[in-house]
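Novice: Quick one: structure below, then a few questions.
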Amino acid sequence: MPALLSACSTLPSSGPTRGEVVHDREGQKIMGFQIVEISTPASVAVAAAAAAPQGATLRQLAAEGNVDLIGPGDILSVNIFEVGAGLFSGGGATSLGNDMGTAESAGVNGVVVDRDGAITLPYVGRLIVAGHTATEVQAMIQRAMRGMSQSPQALVAVRQNVTNTVLVLGVVSRPGRQSLTLNRSRLLDAIADAGGTGLQRQEDMIVRFTRGGRSIEQLLSLINTGSPDDLVLLPGDRIQVIRRPQTYTVFGATKVSQVNFDNPALTLAEAMARAGGPADDRADPSAVFVFRYARAEDGTPVVPKPGDAGTPPTIYRIDMMRPASYFLAQNFMMRDKDVLYMANAAANRPSKLVNIVNQLFSPLVTAKILLDNNP
């Protein structure tokens with residue numbers, strides 16, 4: 001009998017037992033994980049707080065800025081008006097008559113702002129316009145023409161905007177560059193202007209927002225219109241919509257290996273039900289574990305290094321033999337890429353050995369019965 005029991009430890013298994021998980025000292029030393037019992041509402045609240053991504057909200061990228069400043073590459077339209085005989089008088093000028101005299105206007109279209117942020121106009125010369133608004137450039141032209149023309153007036157408009165744009169990429173119907181206006185467009189406005197995500201499930205969509213060299217990812221379904229996460233756009237922002245289905249993986253005494261989230265608010269109770277629950281003939285219901293990494297602000301797992309003071313990986317254990325645990329499981333929220341493990345019952349190993357022995361010897365018994373019945 002001792003030999004048979006010792007042989008149980010070498011039998012195939014779908015995973016460790018409860019005791020092997022809880023008492024894995026070597027694993028705790030290497031990975032630095034902690035084990036948390038989910039036994040009270042307070043422990044569920046602590047788990048929810050710990051599961052929140054570390055700073056992974058778009059509102060952290062909020063900033064103030066202008067969307068009407070001229071920059072290199074912009075194309076301007078310039079119209080200059082003069083009273084009486086002016087610098088631009090001639091066949092190409094347009095006359096506007098009034099009681100004060102005749103005003104002549106001349107338009108200069110397609111004025112490109114060079115890489116140094118400057119434009120060049122006849123009689124005016126070179127003007128540095130980058131970082132200025134169209135209204136400020138008008139005043140600059142009028143000052144430059146003072147003394148050369150009678151009551152000069154200028155109208156400047158941005159004909160083609162390159163500086164005040166954002167880039168929308170990824171899983172949208174019309175990816176590309178969008179111009180910003182003084183109306184102060186927001187993140188969700190830009191995605192809508194790009195045609196939206198079509199028939200894709202919102203719960204599977206991630207928004208990767210890049211501003212000033214810093215990127216943050218957040219679920220599109222968690223960004224509400226007009227909320228702090230629905231950022232007011234600034235020139236140079238980059239929006240990438242990525243399809244990344246949220247999943248959790250199931251191991252142990254169950255029949256399902258990977259399950260998609262139907263919605264971002266998936267509870268542990270729902271996760272176990274979708275996996276078929278603990279197998280009656282193999283599982284230990286008192287040993288249901290959730291393995292979870294902490295998350296960085298871009299949503300990636302935080303794998304601590306030796307001696308790192310950061311948040312360690314966590315194993316949450318819940319005892320489904322306790323009736324109260326079914327209430328707790330309805331409030332414990334699953335997170336993307338969690339690993340749900342339903343431990344094998346320790347008593348299964350001897351029964352597996354018995355089954356193997358039966359499989360080995362039952363053919364001999366069957367053959368003997370057949371021979372006895374057919375002499």
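Ligands are numbered from 1 in the order shown, chains are lettered A, B, ... in the order of the structure tokens, and residues start at 1 in each chain.
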Show me, as a VMD selection string, the residues that have an atom within 10 Å of Ala48 (chain A) when counting only C-alpha atoms, minus same-chain residues fewer than 6 positions from it.
Specialist: chain A and resid 42 331 to 335
Novice: The selected residues should be written to file as a compact mmCIF listing (two decimals), in the first residue's frame (atoms: N, CA and C atoms).
Specialist:
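Result saved to out-v6.txt:
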# COMPACT_ATOMS: atom_id res chain seq x y z
N ALA A 42 -14.97 43.10 2.58
CA ALA A 42 -13.81 43.99 2.62
C ALA A 42 -12.68 43.46 1.75
N ASN A 331 -19.42 39.75 -6.67
CA ASN A 331 -18.88 41.11 -6.57
C ASN A 331 -17.40 41.18 -6.89
N PHE A 332 -16.76 40.04 -7.06
CA PHE A 332 -15.34 40.01 -7.42
C PHE A 332 -15.25 40.13 -8.94
N MET A 333 -14.65 41.22 -9.41
CA MET A 333 -14.59 41.50 -10.85
C MET A 333 -13.35 40.87 -11.48
N MET A 334 -13.56 40.18 -12.59
CA MET A 334 -12.45 39.63 -13.34
C MET A 334 -11.79 40.73 -14.17
N ARG A 335 -10.50 40.52 -14.48
CA ARG A 335 -9.75 41.48 -15.28
C ARG A 335 -9.18 40.76 -16.51
Novice: Among region 79-240 of chain A, which residues carry a DSSP assignment of alpha helix (DSSP H), reported as number ranges by chain?
Specialist: A: 134-145, 187-193
Novice: With distances taken over only C-alpha atoms, which residue among A:Ala271, A:Val288, A:Pro41, A:Ala343 lies nearest Asp319 (chain A)?
Specialist: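 So, comparing all the options, the nearest one is A:Val288.
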Novice: Give me the residues within 12 Å of region 273-275 of chain A as number ranges by chain, counting only C-alpha atoms and dropping any in the same chain fewer than 2 places off.
Specialist: A: 247-262, 266-271, 277-279, 326, 329-330, 339-342
Novice: Could you write out the selected residues, including N, CA and C atoms, as a compact mmCIF listing (two decimals), in the first residue's frame?
Specialist:
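Contents of selection06.txt, freshly written:
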# COMPACT_ATOMS: atom_id res chain seq x y z
N THR A 247 -9.91 38.47 -22.52
CA THR A 247 -10.11 37.05 -22.24
C THR A 247 -9.58 36.72 -20.86
N TYR A 248 -10.06 35.61 -20.34
CA TYR A 248 -9.43 35.00 -19.17
C TYR A 248 -9.20 33.54 -19.49
N THR A 249 -8.18 32.97 -18.89
CA THR A 249 -7.79 31.59 -19.17
C THR A 249 -8.14 30.71 -17.99
N VAL A 250 -8.62 29.52 -18.29
CA VAL A 250 -9.06 28.59 -17.25
C VAL A 250 -8.19 27.35 -17.28
N PHE A 251 -7.71 26.96 -16.10
CA PHE A 251 -6.93 25.73 -15.95
C PHE A 251 -7.54 24.89 -14.83
N GLY A 252 -7.10 23.65 -14.78
CA GLY A 252 -7.48 22.79 -13.67
C GLY A 252 -8.64 21.88 -14.01
N ALA A 253 -9.45 21.61 -13.00
CA ALA A 253 -10.53 20.64 -13.11
C ALA A 253 -11.75 21.28 -13.75
N THR A 254 -11.65 21.55 -15.04
CA THR A 254 -12.74 22.15 -15.81
C THR A 254 -12.58 21.73 -17.26
N LYS A 255 -13.56 22.06 -18.09
CA LYS A 255 -13.55 21.61 -19.47
C LYS A 255 -13.18 22.71 -20.46
N VAL A 256 -13.14 23.96 -20.04
CA VAL A 256 -12.90 25.09 -20.93
C VAL A 256 -11.54 25.68 -20.63
N SER A 257 -10.82 26.13 -21.68
CA SER A 257 -9.47 26.65 -21.48
C SER A 257 -9.38 28.16 -21.62
N GLN A 258 -10.18 28.78 -22.51
CA GLN A 258 -10.13 30.24 -22.67
C GLN A 258 -11.51 30.75 -23.02
N VAL A 259 -11.87 31.88 -22.39
CA VAL A 259 -13.21 32.44 -22.55
C VAL A 259 -13.08 33.92 -22.81
N ASN A 260 -13.89 34.44 -23.75
CA ASN A 260 -13.92 35.87 -24.02
C ASN A 260 -14.87 36.57 -23.05
N PHE A 261 -14.56 37.84 -22.77
CA PHE A 261 -15.46 38.67 -21.99
C PHE A 261 -16.64 39.08 -22.89
N ASP A 262 -17.87 38.89 -22.44
CA ASP A 262 -19.01 39.44 -23.17
C ASP A 262 -19.20 40.92 -22.85
N LEU A 266 -17.31 41.61 -15.83
CA LEU A 266 -17.48 40.17 -15.68
C LEU A 266 -17.08 39.77 -14.26
N THR A 267 -17.97 39.09 -13.56
CA THR A 267 -17.68 38.68 -12.19
C THR A 267 -17.07 37.28 -12.15
N LEU A 268 -16.50 36.95 -11.01
CA LEU A 268 -15.91 35.62 -10.83
C LEU A 268 -16.99 34.55 -10.94
N ALA A 269 -18.18 34.82 -10.41
CA ALA A 269 -19.26 33.84 -10.50
C ALA A 269 -19.61 33.55 -11.96
N GLU A 270 -19.69 34.60 -12.78
CA GLU A 270 -19.98 34.42 -14.19
C GLU A 270 -18.84 33.70 -14.90
N ALA A 271 -17.61 34.03 -14.52
CA ALA A 271 -16.45 33.40 -15.15
C ALA A 271 -16.44 31.89 -14.88
N GLY A 277 -17.99 25.55 -14.44
CA GLY A 277 -17.90 25.32 -13.01
C GLY A 277 -16.90 24.22 -12.67
N PRO A 278 -16.61 24.04 -11.39
CA PRO A 278 -15.70 22.96 -10.98
C PRO A 278 -16.27 21.59 -11.35
N ALA A 279 -15.45 20.75 -11.94
CA ALA A 279 -15.89 19.40 -12.32
C ALA A 279 -16.17 18.59 -11.06
N TYR A 326 -20.61 32.53 -2.58
CA TYR A 326 -21.35 32.76 -3.83
C TYR A 326 -21.78 34.22 -3.95
N ALA A 329 -18.44 36.03 -4.81
CA ALA A 329 -18.03 35.80 -6.20
C ALA A 329 -18.81 36.67 -7.17
N GLN A 330 -20.01 37.12 -6.78
CA GLN A 330 -20.80 37.99 -7.64
C GLN A 330 -20.30 39.43 -7.62
N VAL A 339 -6.01 34.53 -14.85
CA VAL A 339 -5.97 33.06 -14.95
C VAL A 339 -6.83 32.50 -13.82
N LEU A 340 -7.88 31.80 -14.19
CA LEU A 340 -8.78 31.16 -13.23
C LEU A 340 -8.38 29.69 -13.12
N TYR A 341 -8.07 29.28 -11.90
CA TYR A 341 -7.63 27.90 -11.69
C TYR A 341 -8.53 27.23 -10.66
N MET A 342 -9.11 26.10 -11.04
CA MET A 342 -9.92 25.29 -10.14
C MET A 342 -9.10 24.06 -9.78
Novice: In Å to one decimal, how far is CA of Ala47 (chain A) from CA of Pro285 (chain A)?
Specialist: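 We find that CA of Pro285 (chain A) and CA of Ala47 (chain A) lie 20.4 Å from each other.
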Novice: Please run DSSP on the backbone and report, as a PyMOL selection string, all residues within region 105-244 of chain A that come out as strand (DSSP E).
Specialist: chain A and resi 105-112+118-121+125-128+153-160+165-170+176-179+205-211+214-219+238-243
Novice: Quick one: distance from CA of Gln153 (chain A) to CA of Gly125 (chain A) in Å, one decimal?
Specialist: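 Atom-to-atom, CA of Gln153 (chain A) and CA of Gly125 (chain A) are spaced 16.3 Å apart.
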Novice: If I take CA of Leu233 (chain A) and CA of Gln218 (chain A), how far is one from the other in Å, to one decimal?
Specialist: 16.1 Å
Novice: Just want the 8 Å neighbourhood of Thr120 (chain A), counted on only C-alpha atoms, with same-chain residues fewer than 6 positions away dropped. Output as a ChimeraX atom specification.
Specialist: /A:111,126-127
Novice: Write the selection just made, keeping C-alpha atoms, as a PDB file, in the first residue's frame?
Specialist:
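Okay, this is what ended up in result-v3.pdb:
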ATOM      1  CA  VAL A 111       1.442  81.099 -49.404  1.00  0.00           C
ATOM      2  CA  ARG A 126       9.949  87.813 -44.800  1.00  0.00           C
ATOM      3  CA  LEU A 127       7.730  87.358 -41.750  1.00  0.00           C
TER       4      LEU A 127
END
Novice: When you count only C-alpha atoms, which of these residues is closest to Val36 (chain A): A:Arg201, A:Lys337, A:Arg292, A:Arg214?
Specialist: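 Between A:Arg201, A:Lys337, A:Arg292, A:Arg214, the residue approaching Val36 (chain A) most closely is A:Arg292.
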